[in-house]
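Each remark here refers to the structure printed beneath this line.
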Amino acid sequence: MDGIFRIKLMGLRGTMPVHGEDCRLFGGATSCVFVQAAGETVILDAGTGLSGNAYREFFGGSKRFSLLLTHSHVDHIMGFPAFPPLFDPACEGEVYLETRAGLDARAQLEALMSPPLWPVGTGAFKARVGFHDPGEGFSIGPVRVDTLESRHPGGSTIYRLGAGGKSLVYATDYEPESDAPEDFIRFAEGCSLLLLDAQYTDEDYRRTKGFGHSTIARSAAIARRCGAKQTIFVHHDPGRTDAQLLELEAGLDVPGLHFGREGEEVIL
Ligand SMILES: [Zn+2]
Ligand SMILES: [Zn+2]
């Protein structure tokens, strides 16, 4: 890899995973992005895109990783309980998740990882795993991480990763209040890559307002306003087929703007 960042989109589907012939191109796995940034292994969200062995190529010899979770809606954590590195004694992981509803990061994950929903809790991990509240930000080696609170039912965290003059903003599960949300535009200004929620069409939005997701038209306007060098839409509606996404994509009027494909890689 030649860039500061190597980014691989592992899960783009929002709400629920889907499968079948009509989602081969954009994929059916839920939210997960692998990032190698200045030598650090960072994973954004732990949806079903985290499952499988693709993580191996993102782990250097150190077997260290940082998992940044936006929130604990199940489409963002479904892949966590069976993530193989958690059961590898040679691995070290730091998990970041904002305290919500009085539950810290570990307690939120334990809510999923406890009987009868799941047989074992976080105590079964063999790796050394730390749980943290991301607060306003922190650093992972040379990578600076900043956060912004999203507009989403129950809350969600928007992350900005910066290193070596490049930056990535991950803004999924975000319902902007307008086409020009000042706080977000300031936060994402000039980023190298913006991964932005665009789940709904304007027609969908008449019945989905308040569900916590953006529209394609609104997110295209925001992408233009914040001056992101490149924007990719994420959190595709589970009911949207490849053919429908291609048709919606053809209507986008921002150069390079597209709906993320599962397995797609970007080097910054
Ligand atoms: Zn979601
Ligand atoms: Zn959500």
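Just remember, in the structure tokens the first chain shown is A, the second B, etc., residues are 1-based per chain, and ligands are 1-based in the order shown.
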Which residues are close to region 213-228 of chain A, i.e. within 9 Å by only C-alpha atoms, leaving aside same-chain residues fewer than 3 positions away? Reply as a count of residues only. 43
Per residue of chain A within 12 Å of ligand 1, which atom pair is closest and at what distance in Å (one decimal), using only C-alpha atoms and all ligand atoms, listed by chain and increasing number, as a Markdown table?
```
| residue | atom | partner | partner_atom_place_in_ligand_line | distance |
| --- | --- | --- | --- | --- |
| A:Gly11 | CA | ligand 1 | 1 (Zn) | 10.9 |
| A:Leu12 | CA | ligand 1 | 1 (Zn) | 9.6 |
| A:Arg13 | CA | ligand 1 | 1 (Zn) | 8.1 |
| A:Gly14 | CA | ligand 1 | 1 (Zn) | 4.9 |
| A:Thr15 | CA | ligand 1 | 1 (Zn) | 4.8 |
| A:Met16 | CA | ligand 1 | 1 (Zn) | 8.1 |
| A:Pro17 | CA | ligand 1 | 1 (Zn) | 10.4 |
| A:Ala29 | CA | ligand 1 | 1 (Zn) | 11.5 |
| A:Thr30 | CA | ligand 1 | 1 (Zn) | 7.9 |
| A:Ser31 | CA | ligand 1 | 1 (Zn) | 7.1 |
| A:Cys32 | CA | ligand 1 | 1 (Zn) | 10.5 |
| A:Asp45 | CA | ligand 1 | 1 (Zn) | 9.7 |
| A:Ala46 | CA | ligand 1 | 1 (Zn) | 10.8 |
| A:Gly47 | CA | ligand 1 | 1 (Zn) | 8.9 |
| A:Thr48 | CA | ligand 1 | 1 (Zn) | 11.6 |
| A:Leu69 | CA | ligand 1 | 1 (Zn) | 11.1 |
| A:Thr70 | CA | ligand 1 | 1 (Zn) | 9.0 |
| A:His71 | CA | ligand 1 | 1 (Zn) | 8.5 |
| A:Ser72 | CA | ligand 1 | 1 (Zn) | 8.9 |
| A:His73 | CA | ligand 1 | 1 (Zn) | 6.4 |
| A:Val74 | CA | ligand 1 | 1 (Zn) | 7.7 |
| A:Asp75 | CA | ligand 1 | 1 (Zn) | 5.4 |
| A:His76 | CA | ligand 1 | 1 (Zn) | 6.1 |
| A:Ile77 | CA | ligand 1 | 1 (Zn) | 9.6 |
| A:Met78 | CA | ligand 1 | 1 (Zn) | 11.0 |
| A:His152 | CA | ligand 1 | 1 (Zn) | 9.5 |
| A:Pro153 | CA | ligand 1 | 1 (Zn) | 10.5 |
| A:Gly154 | CA | ligand 1 | 1 (Zn) | 11.6 |
| A:Gly155 | CA | ligand 1 | 1 (Zn) | 11.2 |
| A:Ser156 | CA | ligand 1 | 1 (Zn) | 9.4 |
| A:Thr157 | CA | ligand 1 | 1 (Zn) | 11.6 |
| A:Ala171 | CA | ligand 1 | 1 (Zn) | 10.7 |
| A:Thr172 | CA | ligand 1 | 1 (Zn) | 7.0 |
| A:Asp173 | CA | ligand 1 | 1 (Zn) | 5.3 |
| A:Tyr174 | CA | ligand 1 | 1 (Zn) | 9.1 |
| A:Glu175 | CA | ligand 1 | 1 (Zn) | 11.4 |
| A:Leu196 | CA | ligand 1 | 1 (Zn) | 11.9 |
| A:Asp197 | CA | ligand 1 | 1 (Zn) | 9.1 |
| A:Ala198 | CA | ligand 1 | 1 (Zn) | 11.3 |
| A:Gln199 | CA | ligand 1 | 1 (Zn) | 9.6 |
| A:Phe211 | CA | ligand 1 | 1 (Zn) | 10.1 |
| A:Gly212 | CA | ligand 1 | 1 (Zn) | 8.7 |
| A:His213 | CA | ligand 1 | 1 (Zn) | 8.4 |
| A:Ser214 | CA | ligand 1 | 1 (Zn) | 11.5 |
| A:Val234 | CA | ligand 1 | 1 (Zn) | 9.7 |
| A:His235 | CA | ligand 1 | 1 (Zn) | 6.6 |
| A:His236 | CA | ligand 1 | 1 (Zn) | 9.3 |
| A:Asp237 | CA | ligand 1 | 1 (Zn) | 9.6 |
| A:Pro238 | CA | ligand 1 | 1 (Zn) | 10.5 |
```
For the strand (DSSP E) assignment from backbone DSSP, which residues of region 126-256 of chain A qualify? Please present them as number ranges by chain. A: 128-132, 137-140, 143-149, 157-163, 166-171, 193-197, 231-234
Between A:Ile158, A:Cys23, A:Val18, A:Val33, which is the closest to ligand 2 once you count only C-alpha atoms and all ligand atoms?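 Of the candidates, the smallest distance to ligand 2 is held by A:Ile158.
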Here CA of Leu117 (chain A) and CA of Met10 (chain A) stand apart by 24.6 Å
Cut-off 12 Å: closest region 10-69 of chain A/region 123-134 of chain A atom pairs per residue, using only C-alpha atoms, as a tab-separated table:
```
residue	atom	partner	partner_atom	distance
A:Lys63	CA	A:Ala127	CA	9.8
A:Arg64	CA	A:Arg128	CA	9.7
A:Phe65	CA	A:Val129	CA	9.6
A:Ser66	CA	A:Gly130	CA	9.4
A:Leu67	CA	A:Phe131	CA	9.6
A:Leu68	CA	A:Pro134	CA	8.3
A:Leu69	CA	A:Pro134	CA	9.3
```
Considering only C-alpha atoms, return as a list in words whatever protein or nucleic-acid residues lie within 12 Å of Asn53 (chain A), sequence-local ones (same chain, fewer than 5 positions apart) excluded.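 Counting only C-alpha atoms, the residues come to Met10, Phe58, Phe59, Gly79, Ala82, Phe83, Pro84 and Pro85 of chain A.
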What are the DSSP helix (DSSP H, G or I) residues of region 51-243 of chain A, as JSON, numbers by chain? {"A": [54, 55, 56, 57, 58, 74, 75, 76, 84, 85, 86, 87, 105, 106, 107, 108, 109, 110, 111, 112, 122, 123, 124, 182, 183, 184, 185, 186, 187, 188, 202, 203, 204, 205, 206, 207, 208, 216, 217, 218, 219, 220, 221, 222, 223, 224, 225, 242, 243]}
Please determine, counting only C-alpha atoms, which residue among A:Phe26, A:Asp2, A:Val120, A:Glu40 has the shortest atom-to-atom distance to Gly141 (chain A). A:Glu40
